[in-house]
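First comes the structure, then the notes that go with it.
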Amino acid sequence: MLHLALRMAAHRITALLAVACAVLGGAALITTTGVLAESGLRSQLPPGRLGGADVVVAADQEFHPSGDLPVALPERATVPGRLVERLAALPGVTDAVGDIGFPTALVDGRGPAVPAGGDPRTAGHGWSSTKLLADARVTGRAPSGAHEVAVGAGAGPAVGETVEVVANGRPAASYRVTALVDAPDADGVYFADATAAGLAGRDTGDAGPRAGTVDLIGLRVDEGAGERVAGSGAVQRVADAVRAEVAGTGLKVVTGADRGDAVAPGVGSARSLLILLAGSLGGIVLLITGFVVAGALGVTIAGQRRDLALMRAVGATPRQIRRLAAAQSTVVAAAALVPGVAAGYLLAGRFRELLADRGVLPAELPLTVGPLPALATLLLVAAAVQLSARCAAWRTSRMPATEAVAESRSEPRTPSRTRTGAGLLLMLGACALSAVPLLSRTALGASVTSIAGILAAIGLAMAGPALVGNAGEAAVRRLRPGVAAPTWLALANVRAYALRLSGVVSPLAMGVVFVLTYTLTQTTVLAAASDDTRTGTLAQYELAAPALGGLPDGTLTAVREVPGVRAAAAAQTTAVVWEYEELGEPAAESAPATILGPDARDVVDLGVTDGGLDRLTGATVAVSADAARTRGAGLGERIRLVLGDGARVDARVVAVYDRGLGFGPVVLSRELAAGHTTTGLDQRALVRTDGTSAAEAGLNALAADRTGLAVAGTAPDAAGGDAPPEVWINLALVVVLLGYLLLSIANKLVAATAQRRTEIAALRLVGTTPRQILAMMRREAAVVAAASLAAGLALSAVPLALLGQGFLGHPWPAGPAWLLPAVAATVVATAYLTVELPTRHALRTPPADGLRAA
């Protein structure tokens with residue numbers, strides 16, 4: 001069987017190239033998705049500034065819902081400081097360091113200068129934290145006084161110099177540099193331990209919410225640095241002893257490669273994003289890959305119907321015919337899988353670079369490159385090829401031998417009623433699914449639009465032969481006498497070969513649907529969110545201090561004293577996990593959250609429909625109308641939240657608002673969030689003025705006078721610069737998937753046209769000129785392009801109209817005006833070139849040779 005399959009594949013190599021290209025592209029995309037998923041589950045950050053610690057004790061920075069993947073928590077949770085002394089007393093522990101991080105920046109005469117590579121939100125540490133660095137080399141002495149610091153060797157100042165330091169929102173103060181620390185990831189500012197605890201509000205005598213805590217505890221073990229690996233004797237014994245000591249507290253004890261997770265709490269969310277991206281991308285990739293591979297194999301098997309029919313005539317059983325079709329397809333797929341998988345690993349690397357450049361992933365987070373994605377790709381693609389090939393050969397294998405031979409040069413005149421009915425039902429179901437954006441004005445509700453479009457395109461592929469055949473019949477009946485021969489031939493082919501024509505119209509229509517629905521969904525949601533933000537932001541300006549890690553103390557008071565300023569309020573953003581019940585079962589969902597106070601009603605208008613922001617004090621929240629409706633969180637109800645550092649709270653709903661796309665599904669009161677953010681500082685101040693130039697000049701003067709402050713307008717960027725990184729990532733995915741679709745469609749069209757050598761040769765023998773044949777094929781290409789565009793636009797119209805109505809209030813989406821002309825030009829060029837070139841090649845072959853080769 002394998003030998004026969006190889007000979008058949010060699011004889012039909014042109015048609016099988018379409019299968020090879022479809023498999024190669026699909027394997028690359030599936031492998032990329034697998035690498036992203038594996039990296040989200042297994043990738044580890046380097047230990048960074050914890051490289052010298054053998055064992056690290058930190059709070060669990062994940063929320064673990066029942067029956068679902070963990071949800072990363074973005075804010076630093078703390079560890080009781082008293083635990084440091086207890087762990088230091090354990091056998092084998094040589095050093096126990098309670099590490100803290102707080103906002104700090106060096107300042108020179110020209111403005112803020114953060115140490116190279118340092119994060120200003122957590123750049124301040126106590127001197128003892130240098131013990132956690134790997135191979136640290138210190139020049140000078142440790143800081144001991146209240147106005148002494150050490151800095152990283154790349155920061156610029158030299159030992160003995162005096163520098164200005166802004167620490168945890170306090171005014172800039174002068175400090176003397178006593179040491180330079182040279183080590184990997186040593187960037188930061190190191191204070192005396194007591195000074196650092198006081199600046200960070202961690203002294204046991206402080207009244208702050210984080211008094212008496214540390215961020216994490218690093219332990220050094222009594223053995224050589226060269227043996228400090230997870231699982232080594234002393235490290236493992238100490239780790240086991242520490243786990244016994246902290247049992248029941250919820251703290252995590254990590255060693256080896258897991259230490260990198262403790263450096264920054266945002267890393268977990270980055271890995272979770274990889275898993276979510278792989279999950280959302282995986283479904284659409286598998287759907288499109290299966291569709292394209294099945295279509296390419298359908299064209300290939302259709303070109304071999306005569307060979308298969310002759311085999312049936314000489315005694316081959318139906319099972320043998322299907323095995324033969326599957327075997328030759330598997331041979332071709334196997335040849336394309338290896339380069340496809342290799343390309344997938346390379347594409348995953350490029351995609352990780354895109355994510356890192358856009359700030360979605362930490363630049364240090366590597367991809368996990370293992371064999372599992374390749375193995376999964378092999379199994380999935382092989383299963384898709386086997387199933388598609390057997391389905392494509394099913395009709396020919398089940399027909400009586402004489403009927404199979406008779407039908408090998410024609411198509412079934414009556415398309416399958418079951419297939420047509422299923423396709424029509426699928427399109428109707430897609431229309432019903434398109435109504436979701438009317439009921440849920442959320443990003444999740446909008447994502448249904450693209451899914452509905454793809455389902456409708458699959459329905460078109462199933463019902464296509466009947467629809468194309470009926471359209472061809474109607475067109476032929478309306479032909480006027482004396483119509484040109486090429487036009488008559490083209491329409492006759494449309495009517496007679498509806499299955500063949502629908503096989504190329506459906507993928508092109510899917511490409512149109514995919515591009516329009518996927519792209520316009522992104523731009524419509526972005527436009528709706530921008531409209532919410534623009535309409536709901538009463539403030540004209542915002543002040544921020546990103547280089548200082550947060551707004552310095554007293555900023556709001558100073559802003560309110562600027563002439564022309566009518567209102568100013570602080571704002572922050574964080575993330576929460578909302579626990580609720582869905583259909584009687586517990587559920588949890590991570591959601592962005594804004595932190596505001598009662599004074600925010602003067603600078604923002606959330607579109608409150610019930611309650612009021614003036615009640616936003618204490619353990620209270622405001623929620624969006626969509627969240628209130630779907631989760632039973634109306635005014636006065638109490639909801640359960642897990643804050644960004646893992647703290648569980650019960651909060652009362654005091655306001656319900658409409659503009660959830662612009663401001664998120666939940667708004668926390670400042671008192672509720674106090675002590676549960678990493679820095680504890682406000683991120684920005686929203687300022688509403690009287691609109692005069694004097695007020696703007698006053699704000700700019702204030703920012704110039706206060707180190708690190710920056711003034712910016714609140715108007716959304718019309719060019720899309722304010723778009724979240726996920727939008728650009730999704731559009732990049734559209735480009736990649738569109739390229740795969742177009743390449744596969746082009747190869748399929750070339751293969752379908754090349755298989756018509758016999759038809760072209762027969763037309764030439766009965767007197768049709770090459771010019772007439774070219775004209776006929778061009779008219780067929782025009783029919784293909786027109787039908788694809790019409791079908792794609794028709795299938796996209798309902799989902800996009802309902803999306804626009806639900807999100808923008810009018811039945812059309814928002815998006816670039818050039819998108820539709822660009823799609824139309826691409827479809828026309830693809831249809832024309834992939835028909836014109838193989839037709840010209842076939843015309844160069846003498847008719848007799850063409851018939852003999854068939």
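We name chains A, B, ... following the order of the structure tokens; residues begin at 1 in each chain, and ligands are numbered from 1 as shown.
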Report as JSON, numbers by chain all protein, DNA and RNA residues lying within 7 Å of region 36-38 of chain A, evaluated on only C-alpha atoms, omitting residues in the same chain fewer than 4 positions from it.
{"A": [32, 42, 274, 275, 278, 348, 368]}
Shortest interatomic distance to Ala797 (chain A) - which of A:Thr630, A:Thr139, A:Ser450, A:Ser329, counting only C-alpha atoms
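Using only C-alpha atoms, the shortest distance to Ala797 (chain A) belongs to A:Ser450.
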Considering only helix (DSSP H, G or I) as DSSP defines it on the backbone, what residues of region 228-426 of chain A qualify? List them as a ChimeraX atom specification.
/A:233-245,256-263,266-303,305-313,318-357,372-392,394-398,401-407,417-426
Using DSSP secondary structure from the backbone, list all strand (DSSP E or B) positions within region 706-830 of chain A, as an MDAnalysis selection string.
chainID A and resid 710:713
List the spatial neighbours of Ala77 (chain A) as a list in words - criterion: any atom at most 8 Å away, only C-alpha atoms, same-chain residues fewer than 2 positions off excluded.
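Skipping anything fewer than 2 positions along the chain leaves Ala59, Asp60, Gln61, Glu75, Val79, Asp215, Asp645, Gly646, His676 and Thr678 of chain A.
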Residues just named, written with N, CA, C and O atoms as a CSV table (one decimal), in the first residue's frame:
```csv
chain,number,residue,atom,x,y,z
A,59,ALA,N,5.5,35.1,49.9
A,59,ALA,CA,4.1,34.8,49.9
A,59,ALA,C,3.7,34.2,48.5
A,59,ALA,O,4.4,34.5,47.5
A,60,ASP,N,2.6,33.5,48.5
A,60,ASP,CA,2.1,32.9,47.3
A,60,ASP,C,1.5,34.0,46.5
A,60,ASP,O,0.5,34.7,46.9
A,61,GLN,N,2.0,34.3,45.3
A,61,GLN,CA,1.6,35.4,44.4
A,61,GLN,C,0.6,34.9,43.4
A,61,GLN,O,0.4,35.4,42.3
A,75,GLU,N,0.4,42.5,42.8
A,75,GLU,CA,0.9,43.3,43.9
A,75,GLU,C,1.7,42.5,44.9
A,75,GLU,O,1.3,41.3,45.2
A,79,VAL,N,5.6,39.2,54.0
A,79,VAL,CA,6.0,38.1,54.9
A,79,VAL,C,6.2,38.7,56.3
A,79,VAL,O,6.8,39.8,56.4
A,215,ASP,N,9.3,41.8,52.2
A,215,ASP,CA,8.8,41.3,51.0
A,215,ASP,C,9.1,39.8,50.8
A,215,ASP,O,8.2,39.1,50.4
A,645,ASP,N,-2.7,41.7,46.2
A,645,ASP,CA,-1.7,41.0,47.0
A,645,ASP,C,-2.2,39.7,47.6
A,645,ASP,O,-1.6,39.1,48.5
A,646,GLY,N,-3.5,39.3,47.3
A,646,GLY,CA,-4.0,38.1,47.8
A,646,GLY,C,-4.9,38.3,49.0
A,646,GLY,O,-5.5,37.3,49.4
A,676,HIS,N,-2.4,47.4,50.1
A,676,HIS,CA,-2.5,46.2,49.3
A,676,HIS,C,-1.9,46.4,47.9
A,676,HIS,O,-2.2,45.7,46.9
A,678,THR,N,1.9,47.4,45.7
A,678,THR,CA,3.3,47.2,45.9
A,678,THR,C,4.0,48.4,46.4
A,678,THR,O,4.8,48.4,47.4
```
Using only C-alpha atoms, which protein or nucleic acid residues come within 6 Å of region 578-593 of chain A? Drop anything in the same chain fewer than 4 positions from it, and give the result as a JSON list (two decimals) with N, CA and C atoms, in the first residue's frame.
```json
[["chain", "number", "residue", "atom", "x", "y", "z"],
["A", 573, "THR", "N", -4.26, 52.07, 39.32],
["A", 573, "THR", "CA", -4.83, 50.87, 38.70],
["A", 573, "THR", "C", -4.19, 49.65, 39.33],
["A", 574, "THR", "N", -4.96, 48.59, 39.43],
["A", 574, "THR", "CA", -4.46, 47.33, 39.97],
["A", 574, "THR", "C", -5.28, 46.22, 39.32],
["A", 640, "ARG", "N", -17.37, 39.49, 46.95],
["A", 640, "ARG", "CA", -16.12, 38.95, 47.47],
["A", 640, "ARG", "C", -15.01, 39.20, 46.45],
["A", 641, "LEU", "N", -13.95, 39.83, 46.89],
["A", 641, "LEU", "CA", -12.81, 40.13, 46.03],
["A", 641, "LEU", "C", -11.53, 39.61, 46.66],
["A", 664, "GLY", "N", -13.00, 49.89, 33.41],
["A", 664, "GLY", "CA", -12.91, 48.57, 34.01],
["A", 664, "GLY", "C", -14.20, 48.18, 34.71],
["A", 666, "VAL", "N", -14.65, 47.19, 37.81],
["A", 666, "VAL", "CA", -14.78, 47.46, 39.24],
["A", 666, "VAL", "C", -13.87, 48.62, 39.62],
["A", 667, "VAL", "N", -14.34, 49.47, 40.54],
["A", 667, "VAL", "CA", -13.57, 50.59, 41.08],
["A", 667, "VAL", "C", -13.50, 50.41, 42.59]]
```
Residues within 12 Å of Leu837 (chain A), only C-alpha atoms, excluding chain neighbours under 6 positions, as a PyMOL selection string:
chain A and resi 746-747+749-751+753-754+774+777-778+781+829-831+843-844
Could you save the residues just selected, with C-alpha atoms, as a CSV table (one decimal), in the first residue's frame?
```csv
chain,number,residue,atom,x,y,z
A,746,ALA,CA,-3.2,30.4,-3.7
A,747,ASN,CA,-1.7,26.9,-3.8
A,749,LEU,CA,-6.2,27.5,-6.7
A,750,VAL,CA,-3.1,26.7,-8.6
A,751,ALA,CA,-3.6,23.0,-8.0
A,753,THR,CA,-6.4,25.0,-12.2
A,754,ALA,CA,-3.5,22.7,-13.1
A,774,LEU,CA,-7.7,32.7,-21.3
A,777,MET,CA,-10.5,31.4,-17.2
A,778,ARG,CA,-10.4,35.1,-16.4
A,781,ALA,CA,-11.5,34.1,-11.8
A,829,ALA,CA,-5.2,39.6,-7.2
A,830,THR,CA,-5.1,36.2,-5.6
A,831,ALA,CA,-7.9,34.8,-7.8
A,843,LEU,CA,-1.6,26.4,-22.9
A,844,ARG,CA,2.1,25.9,-23.7
```
For region 472-480 of chain A, please output as a short mmCIF file (atom, residue, chain, number, x, y, z; two decimals) with all heavy atoms, in the first residue's frame all residues within 6 Å (counting only C-alpha atoms; exclusion window: fewer than 2 positions along the same chain).
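The resulting file, part_2.cif, is shown below:
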```cif
data_model
loop_
_atom_site.label_atom_id
_atom_site.label_comp_id
_atom_site.auth_asym_id
_atom_site.auth_seq_id
_atom_site.Cartn_x
_atom_site.Cartn_y
_atom_site.Cartn_z
N GLY A 469 -24.20 26.11 -7.19
CA GLY A 469 -24.92 25.47 -8.29
C GLY A 469 -26.21 26.20 -8.63
O GLY A 469 -26.52 26.42 -9.81
N ASN A 470 -26.96 26.58 -7.61
CA ASN A 470 -28.21 27.32 -7.86
C ASN A 470 -27.93 28.68 -8.50
O ASN A 470 -28.65 29.12 -9.41
CB ASN A 470 -28.98 27.51 -6.55
CG ASN A 470 -29.54 26.20 -6.03
OD1 ASN A 470 -29.78 25.27 -6.79
ND2 ASN A 470 -29.75 26.12 -4.72
N VAL A 483 -24.36 35.82 -26.48
CA VAL A 483 -23.31 36.14 -25.51
C VAL A 483 -21.98 35.55 -25.98
O VAL A 483 -21.94 34.54 -26.69
CB VAL A 483 -23.70 35.60 -24.12
CG1 VAL A 483 -23.66 34.08 -24.10
CG2 VAL A 483 -22.78 36.16 -23.05
N VAL A 494 -19.33 27.07 -14.05
CA VAL A 494 -19.83 27.38 -12.70
C VAL A 494 -21.00 26.46 -12.35
O VAL A 494 -21.10 25.94 -11.24
CB VAL A 494 -20.25 28.86 -12.61
CG1 VAL A 494 -21.00 29.13 -11.31
CG2 VAL A 494 -19.03 29.75 -12.72
N ARG A 495 -21.90 26.27 -13.32
CA ARG A 495 -23.06 25.42 -13.07
C ARG A 495 -22.67 23.95 -12.97
O ARG A 495 -23.12 23.24 -12.07
CB ARG A 495 -24.08 25.60 -14.19
CG ARG A 495 -25.32 24.73 -14.05
CD ARG A 495 -26.25 24.91 -15.24
NE ARG A 495 -25.61 24.52 -16.49
CZ ARG A 495 -26.20 24.56 -17.67
NH1 ARG A 495 -27.45 24.98 -17.77
NH2 ARG A 495 -25.56 24.21 -18.76
#
```
Would you compute the distance between CA of Leu69 (chain A) and CA of Val246 (chain A)? Give it in Å to one decimal.
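Interatomic distance, CA of Leu69 (chain A) to CA of Val246 (chain A): 24.5 Å.
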Region 545-558 of chain A environment, 6 Å, only C-alpha atoms, sequence neighbours closer than 6 positions dropped, as a ChimeraX atom specification:
/A:103,105,120-121,169-170,681-683,708-709
Quick one: pull the distance between CA of Phe191 (chain A) and CA of Ala704 (chain A), Å, one decimal.
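Between CA of Phe191 (chain A) and CA of Ala704 (chain A) the gap is 27.8 Å.
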